[in-house]
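*Asks:* Below is the file coords_27.cif, with mmCIF, C-alpha atoms.
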```
data_target
#
loop_
_atom_site.group_PDB
_atom_site.id
_atom_site.type_symbol
_atom_site.label_atom_id
_atom_site.label_comp_id
_atom_site.auth_asym_id
_atom_site.auth_seq_id
_atom_site.Cartn_x
_atom_site.Cartn_y
_atom_site.Cartn_z
ATOM 1 C CA MET A 29 97.481 -13.604 92.423
ATOM 2 C CA ILE A 30 99.648 -13.719 89.341
ATOM 3 C CA THR A 31 98.505 -15.925 86.544
ATOM 4 C CA LEU A 32 100.586 -17.872 84.084
ATOM 5 C CA ASP A 33 99.443 -15.615 81.221
ATOM 6 C CA GLN A 34 100.746 -12.533 83.047
ATOM 7 C CA VAL A 35 104.130 -14.218 83.583
ATOM 8 C CA LEU A 36 104.339 -15.155 79.885
ATOM 9 C CA VAL A 37 103.498 -11.575 78.820
ATOM 10 C CA LEU A 38 106.118 -10.248 81.244
ATOM 11 C CA GLN A 39 108.669 -12.739 79.896
ATOM 12 C CA GLU A 40 107.984 -11.619 76.295
ATOM 13 C CA LYS A 41 108.343 -7.947 77.252
ATOM 14 C CA VAL A 42 111.654 -8.579 79.045
ATOM 15 C CA LYS A 43 112.905 -10.614 76.081
ATOM 16 C CA ALA A 44 111.944 -7.782 73.655
ATOM 17 C CA ALA A 45 113.630 -5.213 75.921
ATOM 18 C CA VAL A 46 116.877 -7.266 76.057
ATOM 19 C CA GLU A 47 116.899 -7.644 72.270
ATOM 20 C CA LYS A 48 116.319 -3.909 71.841
ATOM 21 C CA ILE A 49 119.136 -3.093 74.300
ATOM 22 C CA ASN A 50 121.523 -5.438 72.421
ATOM 23 C CA ARG A 51 120.554 -3.867 69.068
ATOM 24 C CA LEU A 52 121.048 -0.336 70.461
ATOM 25 C CA GLU A 53 124.464 -1.268 71.917
ATOM 26 C CA LYS A 54 125.578 -2.556 68.494
ATOM 27 C CA GLU A 55 124.283 0.609 66.822
ATOM 28 C CA ASN A 56 126.044 2.717 69.456
ATOM 29 C CA ALA A 57 129.335 0.896 68.747
ATOM 30 C CA GLN A 58 128.906 1.470 64.998
ATOM 31 C CA LEU A 59 128.185 5.167 65.539
ATOM 32 C CA ARG A 60 131.256 5.536 67.775
ATOM 33 C CA ALA A 61 133.398 3.910 65.073
ATOM 34 C CA GLN A 62 131.955 6.279 62.449
ATOM 35 C CA LEU A 63 132.609 9.239 64.743
ATOM 36 C CA ALA A 64 136.242 8.197 65.208
ATOM 37 C CA ALA A 65 136.678 7.772 61.434
ATOM 38 C CA SER A 66 135.058 11.166 60.771
ATOM 39 C CA ALA A 67 137.262 12.858 63.376
ATOM 40 C CA SER A 68 140.356 11.306 61.786
ATOM 41 C CA ASN A 69 139.180 12.376 58.314
ATOM 42 C CA ASN A 70 138.455 15.884 59.621
ATOM 43 C CA GLN A 71 141.942 16.143 61.089
ATOM 44 C CA SER A 72 143.470 14.939 57.815
ATOM 45 C CA LEU A 73 141.464 17.463 55.801
ATOM 46 C CA SER A 74 142.356 20.278 58.206
ATOM 47 C CA GLN A 75 146.036 19.420 57.773
ATOM 48 C CA LYS A 76 145.648 19.434 53.983
ATOM 49 C CA VAL A 77 143.940 22.855 54.101
ATOM 50 C CA SER A 78 146.671 24.349 56.261
ATOM 51 C CA ASP A 79 149.352 22.862 53.983
ATOM 52 C CA TYR A 80 147.548 24.295 50.953
ATOM 53 C CA GLU A 81 147.312 27.747 52.564
ATOM 54 C CA ALA A 82 151.010 27.683 53.446
ATOM 55 C CA GLU A 83 151.872 26.642 49.895
ATOM 56 C CA GLN A 84 149.700 29.422 48.452
ATOM 57 C CA ASN A 85 151.415 31.969 50.713
ATOM 58 C CA GLN A 86 154.808 30.744 49.492
ATOM 59 C CA ILE A 87 153.681 30.980 45.870
ATOM 60 C CA GLU A 88 152.375 34.503 46.425
ATOM 61 C CA ALA A 89 155.629 35.548 48.096
ATOM 62 C CA GLN A 90 157.663 34.105 45.218
ATOM 63 C CA ILE A 91 155.496 35.851 42.621
ATOM 64 C CA LEU A 92 155.925 39.164 44.434
ATOM 65 C CA GLN A 93 159.684 38.576 44.607
ATOM 66 C CA VAL A 94 159.817 37.864 40.853
ATOM 67 C CA LEU A 95 157.731 40.970 40.105
ATOM 68 C CA ASN A 96 160.048 43.086 42.240
ATOM 69 C CA SER A 97 163.027 41.629 40.375
ATOM 70 C CA LEU A 98 161.389 42.471 37.054
ATOM 71 C CA ASN A 99 160.712 46.011 38.250
ATOM 72 C CA THR A 100 164.348 46.355 39.249
ATOM 73 C CA VAL A 101 165.503 45.111 35.841
ATOM 74 C CA GLU A 102 163.052 47.446 34.105
ATOM 75 C CA ASP A 103 164.243 50.410 36.182
ATOM 76 C CA THR A 104 167.875 49.553 35.406
ATOM 77 C CA VAL A 105 167.189 49.315 31.665
ATOM 78 C CA ARG A 106 165.241 52.570 31.692
ATOM 79 C CA SER A 107 167.993 54.392 33.583
ATOM 80 C CA GLU A 108 170.659 53.072 31.187
ATOM 81 C CA LEU A 109 168.615 54.160 28.179
ATOM 82 C CA GLY A 110 167.709 57.472 29.782
ATOM 83 C CA VAL A 111 163.996 56.867 29.316
ATOM 84 C CA SER A 112 161.609 58.264 31.877
ATOM 85 C CA GLU A 113 158.823 56.089 33.216
ATOM 86 C CA PRO A 114 155.614 56.304 31.201
ATOM 87 C CA GLU A 115 152.611 57.834 32.854
ATOM 88 C CA VAL A 116 149.991 55.179 33.292
ATOM 89 C CA SER A 117 146.409 56.315 33.522
ATOM 90 C CA THR A 118 143.976 54.157 35.356
ATOM 91 C CA PRO A 119 140.349 53.708 34.340
ATOM 92 C CA ALA A 120 139.362 55.422 37.572
ATOM 93 C CA GLN A 121 140.968 58.648 36.336
ATOM 94 C CA GLU A 122 138.997 58.755 33.121
ATOM 95 C CA THR A 123 135.285 58.429 32.930
ATOM 96 C CA VAL A 124 133.260 57.271 29.998
ATOM 97 C CA ALA A 125 131.490 60.625 29.865
ATOM 98 C CA GLU A 126 134.813 62.409 29.336
ATOM 99 C CA SER A 127 136.113 60.049 26.673
ATOM 100 C CA VAL A 128 132.945 59.575 24.575
ATOM 101 C CA PRO A 129 131.188 62.641 23.183
ATOM 102 C CA GLU A 130 127.413 62.569 23.242
ATOM 103 C CA PRO A 131 125.823 62.310 19.803
ATOM 104 C CA GLU A 132 123.792 65.258 18.628
ATOM 105 C CA LEU A 133 120.432 63.791 17.732
ATOM 106 C CA PRO A 134 117.315 65.725 16.784
ATOM 107 C CA TYR A 135 114.896 65.660 19.665
ATOM 108 C CA GLN A 136 111.186 66.058 19.378
ATOM 109 C CA GLU A 137 109.099 66.157 22.470
ATOM 110 C CA PHE A 138 105.920 64.114 22.399
ATOM 111 C CA THR A 139 102.950 66.072 23.627
ATOM 112 C CA PRO A 140 99.397 64.827 24.117
ATOM 113 C CA GLU A 141 98.053 67.626 21.875
ATOM 114 C CA THR A 142 99.790 66.286 18.783
ATOM 115 C CA ASN A 143 99.308 62.588 19.683
ATOM 116 C CA ALA A 144 102.377 61.782 17.608
ATOM 117 C CA PRO A 145 105.609 63.542 16.672
ATOM 118 C CA GLU A 146 105.998 64.807 13.154
ATOM 119 C CA ALA A 147 107.995 62.577 10.878
ATOM 120 C CA ASP A 148 111.484 63.781 10.047
ATOM 121 C CA THR A 149 111.601 63.942 6.260
ATOM 122 C CA SER A 150 115.186 65.198 6.022
ATOM 123 C CA PHE A 151 116.415 61.665 5.389
ATOM 124 C CA ASP A 152 115.554 61.453 1.704
ATOM 125 C CA SER A 153 118.992 60.168 0.745
ATOM 126 C CA PRO A 154 119.626 56.480 0.002
ATOM 127 C CA VAL A 155 120.581 54.159 2.839
ATOM 128 C CA PHE A 156 124.171 53.659 1.692
ATOM 129 C CA THR A 157 126.031 56.928 1.278
ATOM 130 C CA GLU A 158 129.649 57.902 1.113
ATOM 131 C CA ALA A 159 131.360 58.526 4.420
ATOM 132 C CA ALA A 160 131.675 62.037 5.719
ATOM 133 C CA PRO A 161 135.159 63.592 5.318
ATOM 134 C CA GLU A 162 135.903 63.091 9.023
ATOM 135 C CA GLU A 163 135.090 59.401 8.737
ATOM 136 C CA ALA A 164 137.168 59.024 5.588
ATOM 137 C CA GLU A 165 140.174 60.501 7.389
ATOM 138 C CA MET A 166 139.676 58.097 10.239
ATOM 139 C CA PHE A 167 139.835 55.046 7.953
ATOM 140 C CA ASP A 168 142.424 56.276 5.455
ATOM 141 C CA SER A 169 144.901 57.846 7.847
ATOM 142 C CA VAL A 170 148.299 56.357 8.574
ATOM 143 C CA PRO A 171 149.124 55.737 12.239
ATOM 144 C CA SER A 172 151.518 58.227 13.755
ATOM 145 C CA PRO A 173 155.097 57.110 14.428
ATOM 146 C CA GLU A 174 154.467 57.587 18.144
ATOM 147 C CA SER A 175 151.903 54.792 18.137
ATOM 148 C CA ASN A 176 154.445 52.179 16.918
ATOM 149 C CA GLY A 177 151.777 50.756 14.587
ATOM 150 C CA GLN A 178 149.373 50.174 17.461
ATOM 151 C CA LEU A 179 145.838 51.446 17.688
ATOM 152 C CA ASP A 180 144.761 53.694 20.525
ATOM 153 C CA ILE A 181 141.578 52.072 21.719
ATOM 154 C CA PHE A 182 141.080 54.094 24.870
#
```
Written as structure tokens, that's how I'd like the structure from this file.
*Replies:*
Amino acid sequence: MITLDQVLVLQEKVKAAVEKINRLEKENAQLRAQLAASASNNQSLSQKVSDYEAEQNQIEAQILQVLNSLNTVEDTVRSELGVSEPEVSTPAQETVAESVPEPELPYQEFTPETNAPEADTSFDSPVFTEAAPEEAEMFDSVPSPESNGQLDIF
């Protein structure tokens, strides 16, 4: 037989279950509303991204058109002046090894028999000396007329 205590416990459990179901239904409704808002926001952002990409493509096309126009103007001016196009060298054509000579430094090999290299005593001159003739030419020379007063740094 069922006792009154068992009925009261059952009633409390049913009451707790109903409250939990109501709370979960409210939470479910809130989550559905958030999902709808997120989907709308996602669609809006996707539209903005596609608009931005289209705008960037238009900008790129206009820049290329302007550059082509400038090239046409440059070619026209060069042909009227009778100037040939300058040869442009790219960094890929020149390597650092070709453009920079290696310094000639005295080399002494360290061997275990000597435990230390001999000191180079050929540097008895003072620290500050006059520049070598080649260096003096480099600093005192006048730029050639071909350089238009510009330095060749490459």
*Asks:* Can you sort out the box for range 48-60 of chain A, edges along x, y and z, all listed atoms in, 5 Å on every side, with centre and edge lengths in Å to one decimal, as AutoDock Vina command-line options?
*Replies:*
```
--center_x 123.8 --center_y 0.0 --center_z 69.6 --size_x 24.9 --size_y 21.0 --size_z 19.3
```
*Asks:* Would you mind reading off the distance between CA of Gln34 in chain A and CA of Glu47 in chain A, one decimal, in Å?
*Replies:* 20.0 Å
*Asks:* Interatomic distance between CA of Lys76 in chain A and CA of Gln90 in chain A?
*Replies:*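 So the two atoms, CA of Lys76 in chain A and CA of Gln90 in chain A, lie 20.9 Å apart.
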